Amino acid sequence: MICPACGANDDRVIDSRASEGGKAIRRRRVCNRCNKRFTTYERVETAGRLMVIKRDGSRQAFDPQKILAGIEAACGKLPIPSEAKARIVEEIDEELHREFEREVPALTIGERVAERLRKLNQVAYVRFVSVYKEFHGLDQLIDAAHDVREQARAEVPGQGNLFTPPEG
Ligand SMILES: [Zn+2]
């Protein structure tokens with residue numbers, strides 16, 4: 001354990017006892033470097049450890065950093081403020097912990113990221129869903145990406161006819 005006083009990672013336990021009615025173990029430690037005494041608590045891992053169920057059925061601990069990495073990859077060099085990206089991660093993090101007690105499908109996380117990227121930036125959104133297509137085969141997300149492309153084309157006047165040969 002890192003010593004809170006000197007930062008050394010060199011301590012010994014001088015006392016261990018049950019705490020919180022047996023739900024935790026309290027350990028008194030002393031730093032071998034500076035002799036500072038400090039306390040740590042050991043608890044059973046429960047709340048806060050949301051597990052993500054991947055498509056192949058395997059599970060891994062939920063990690064908001066991975067959501068951010070996915071968003072960063074989709075946004076690339078687009079001029080999107082980092083606060084906007086961080087806000088999406090925070091919102092999804094909070095939302096998932098509120099709605100799911102122990103496990104959440106990876107698909108659900110992907111859909112929620114996509115939903116927010118769609119509102120934020122359509123290019124980032126399409127990139128995000130195409131990554132999902134490649135690695136996760138999320139057909140419904142691909143359909144959504146297709147819709148956005150069609151929509152974008154319809155919104156730019158003349159672009160739909162760009163390669164149509166001139167009449168006559
Ligand atoms: Zn120390």
# chains A, B, ... in the order shown; residues from 1 in each chain; ligands from 1

$ select_by_dssp --residues "range 30-118 of chain A" --states "alpha helix (DSSP H)" --output "VMD selection string"
chain A and resid 64 to 75 82 to 99 106 to 118

$ residues_around --residues "Phe128 in chain A" --least-positions-apart "4" --cutoff "8 Å" --atoms "only C-alpha atoms" --output "NGL selection string"
:A and (70-71 or 73-74 or 114 or 124 or 132)

$ closest_atom_pairs --of "chain A" --to "ligand 1" --cutoff "8 Å" --atoms "only C-alpha atoms and all ligand atoms" --output "CSV"
residue,atom,partner,partner_atom_place_in_ligand_line,distance
A:Ile2,CA,ligand 1,1 (Zn),7.8
A:Cys3,CA,ligand 1,1 (Zn),4.6
A:Pro4,CA,ligand 1,1 (Zn),6.7
A:Ala5,CA,ligand 1,1 (Zn),5.0
A:Cys6,CA,ligand 1,1 (Zn),4.1
A:Gly7,CA,ligand 1,1 (Zn),5.9
A:Ala8,CA,ligand 1,1 (Zn),5.4
A:Asn9,CA,ligand 1,1 (Zn),7.9
A:Asp10,CA,ligand 1,1 (Zn),7.7
A:Asp11,CA,ligand 1,1 (Zn),7.8
A:Val30,CA,ligand 1,1 (Zn),7.7
A:Cys31,CA,ligand 1,1 (Zn),4.6
A:Asn32,CA,ligand 1,1 (Zn),6.7
A:Arg33,CA,ligand 1,1 (Zn),5.0
A:Cys34,CA,ligand 1,1 (Zn),4.1
A:Asn35,CA,ligand 1,1 (Zn),6.0
A:Lys36,CA,ligand 1,1 (Zn),5.4

$ write_last_selection --atoms "N, CA and C atoms" --output "compact mmCIF listing (two decimals), in the first residue's frame"
# COMPACT_ATOMS: atom_id res chain seq x y z
N ILE A 2 0.51 2.22 -0.81
CA ILE A 2 1.29 3.46 -0.88
C ILE A 2 1.13 4.27 0.42
N CYS A 3 2.20 4.65 1.02
CA CYS A 3 2.17 5.45 2.25
C CYS A 3 1.62 6.85 1.93
N PRO A 4 0.57 7.29 2.67
CA PRO A 4 -0.02 8.61 2.39
C PRO A 4 0.92 9.77 2.76
N ALA A 5 1.95 9.47 3.56
CA ALA A 5 2.85 10.54 3.98
C ALA A 5 4.04 10.70 3.03
N CYS A 6 4.72 9.59 2.72
CA CYS A 6 5.94 9.71 1.92
C CYS A 6 5.84 9.08 0.53
N GLY A 7 4.75 8.33 0.27
CA GLY A 7 4.57 7.77 -1.06
C GLY A 7 5.31 6.46 -1.31
N ALA A 8 6.01 5.97 -0.29
CA ALA A 8 6.72 4.69 -0.46
C ALA A 8 5.72 3.54 -0.48
N ASN A 9 6.06 2.48 -1.21
CA ASN A 9 5.18 1.32 -1.23
C ASN A 9 5.87 0.22 -0.44
N ASP A 10 5.98 0.45 0.86
CA ASP A 10 6.76 -0.46 1.70
C ASP A 10 6.23 -0.33 3.14
N ASP A 11 5.27 -1.20 3.48
CA ASP A 11 4.68 -1.08 4.82
C ASP A 11 4.47 -2.46 5.42
N VAL A 30 2.06 0.33 9.16
CA VAL A 30 3.12 1.30 9.43
C VAL A 30 4.11 1.30 8.26
N CYS A 31 4.46 2.49 7.83
CA CYS A 31 5.39 2.64 6.72
C CYS A 31 6.80 2.31 7.19
N ASN A 32 7.46 1.42 6.47
CA ASN A 32 8.83 1.05 6.83
C ASN A 32 9.82 2.16 6.54
N ARG A 33 9.43 3.10 5.68
CA ARG A 33 10.31 4.19 5.30
C ARG A 33 10.27 5.34 6.31
N CYS A 34 9.01 5.83 6.60
CA CYS A 34 8.91 7.03 7.44
C CYS A 34 8.19 6.80 8.77
N ASN A 35 7.77 5.54 8.99
CA ASN A 35 7.09 5.16 10.23
C ASN A 35 5.71 5.76 10.43
N LYS A 36 5.15 6.36 9.38
CA LYS A 36 3.78 6.86 9.45
C LYS A 36 2.83 5.67 9.63

$ residues_around --residues "Ile53 in chain A" --least-positions-apart "2" --cutoff "8 Å" --atoms "only C-alpha atoms" --output "PyMOL selection string"
chain A and resi 51+55+57-60+103-106

$ write_last_selection --atoms "C-alpha atoms" --output "mmCIF file, in the first residue's frame"
data_model
loop_
_atom_site.group_PDB
_atom_site.id
_atom_site.type_symbol
_atom_site.label_atom_id
_atom_site.label_comp_id
_atom_site.auth_asym_id
_atom_site.auth_seq_id
_atom_site.Cartn_x
_atom_site.Cartn_y
_atom_site.Cartn_z
ATOM 1 C CA MET A 51 -19.979 -6.329 -15.004
ATOM 2 C CA ARG A 55 -21.368 -10.756 -27.045
ATOM 3 C CA GLY A 57 -20.967 -14.358 -23.109
ATOM 4 C CA SER A 58 -17.754 -13.490 -21.271
ATOM 5 C CA ARG A 59 -17.782 -10.832 -18.588
ATOM 6 C CA GLN A 60 -15.454 -8.024 -17.686
ATOM 7 C CA GLU A 103 -24.592 -6.854 -15.122
ATOM 8 C CA VAL A 104 -25.142 -4.869 -18.278
ATOM 9 C CA PRO A 105 -24.932 -6.155 -21.872
ATOM 10 C CA ALA A 106 -22.133 -4.588 -23.930
#

$ atom_distance --atom1 "CA of Ala24 in chain A" --atom2 "CA of Leu50 in chain A"
20.3 Å

$ atom_distance --atom1 "CA of Gln122 in chain A" --atom2 "CA of Asp56 in chain A"
28.9 Å

$ closest_residue --among "A:Val123, A:Thr39, A:Gly76, A:Arg98" --to "Ile25 in chain A" --atoms "only C-alpha atoms"
A:Thr39

$ atom_distance --atom1 "CA of Leu78 in chain A" --atom2 "CA of Glu90 in chain A"
20.5 Å

$ closest_residue --among "A:Ile109, A:Thr40, A:Arg17, A:Arg102" --to "Ala61 in chain A" --atoms "only C-alpha atoms"
A:Arg102

$ residues_around --residues "Ile88 in chain A" --least-positions-apart "3" --cutoff "9 Å" --atoms "only C-alpha atoms" --output "PyMOL selection string"
chain A and resi 67-68+71+83-85+91-93+113+116-117

$ write_last_selection --atoms "N, CA and C atoms" --output "CSV table (one decimal), in the first residue's frame"
chain,number,residue,atom,x,y,z
A,67,ILE,N,-15.3,3.4,-22.6
A,67,ILE,CA,-16.3,4.2,-23.3
A,67,ILE,C,-15.7,5.4,-23.9
A,68,LEU,N,-14.9,6.1,-23.0
A,68,LEU,CA,-14.2,7.3,-23.5
A,68,LEU,C,-13.3,7.0,-24.7
A,71,ILE,N,-15.3,6.7,-27.8
A,71,ILE,CA,-15.8,8.0,-28.2
A,71,ILE,C,-14.6,8.8,-28.9
A,83,GLU,N,-14.8,18.2,-23.1
A,83,GLU,CA,-15.8,18.2,-22.1
A,83,GLU,C,-17.1,17.5,-22.5
A,84,ALA,N,-17.4,17.7,-23.8
A,84,ALA,CA,-18.6,17.1,-24.4
A,84,ALA,C,-18.5,15.5,-24.3
A,85,LYS,N,-17.3,15.1,-24.6
A,85,LYS,CA,-17.0,13.6,-24.6
A,85,LYS,C,-17.1,13.1,-23.2
A,91,GLU,N,-22.5,10.6,-18.0
A,91,GLU,CA,-24.0,10.4,-18.0
A,91,GLU,C,-24.2,8.9,-18.2
A,92,ILE,N,-23.5,8.2,-19.1
A,92,ILE,CA,-23.7,6.8,-19.3
A,92,ILE,C,-23.3,6.0,-18.0
A,93,ASP,N,-22.2,6.4,-17.4
A,93,ASP,CA,-21.7,5.7,-16.2
A,93,ASP,C,-22.8,5.8,-15.1
A,113,VAL,N,-24.1,4.9,-26.2
A,113,VAL,CA,-23.0,5.8,-26.7
A,113,VAL,C,-23.4,6.3,-28.1
A,116,ARG,N,-26.0,9.1,-28.1
A,116,ARG,CA,-25.5,10.4,-27.7
A,116,ARG,C,-24.6,11.0,-28.8
A,117,LEU,N,-23.8,10.1,-29.4
A,117,LEU,CA,-23.0,10.6,-30.5
A,117,LEU,C,-23.8,11.1,-31.6

$ closest_residue --among "A:Arg112, A:Arg43, A:Lys77, A:Arg49" --to "Val89 in chain A" --atoms "only C-alpha atoms"
A:Arg112
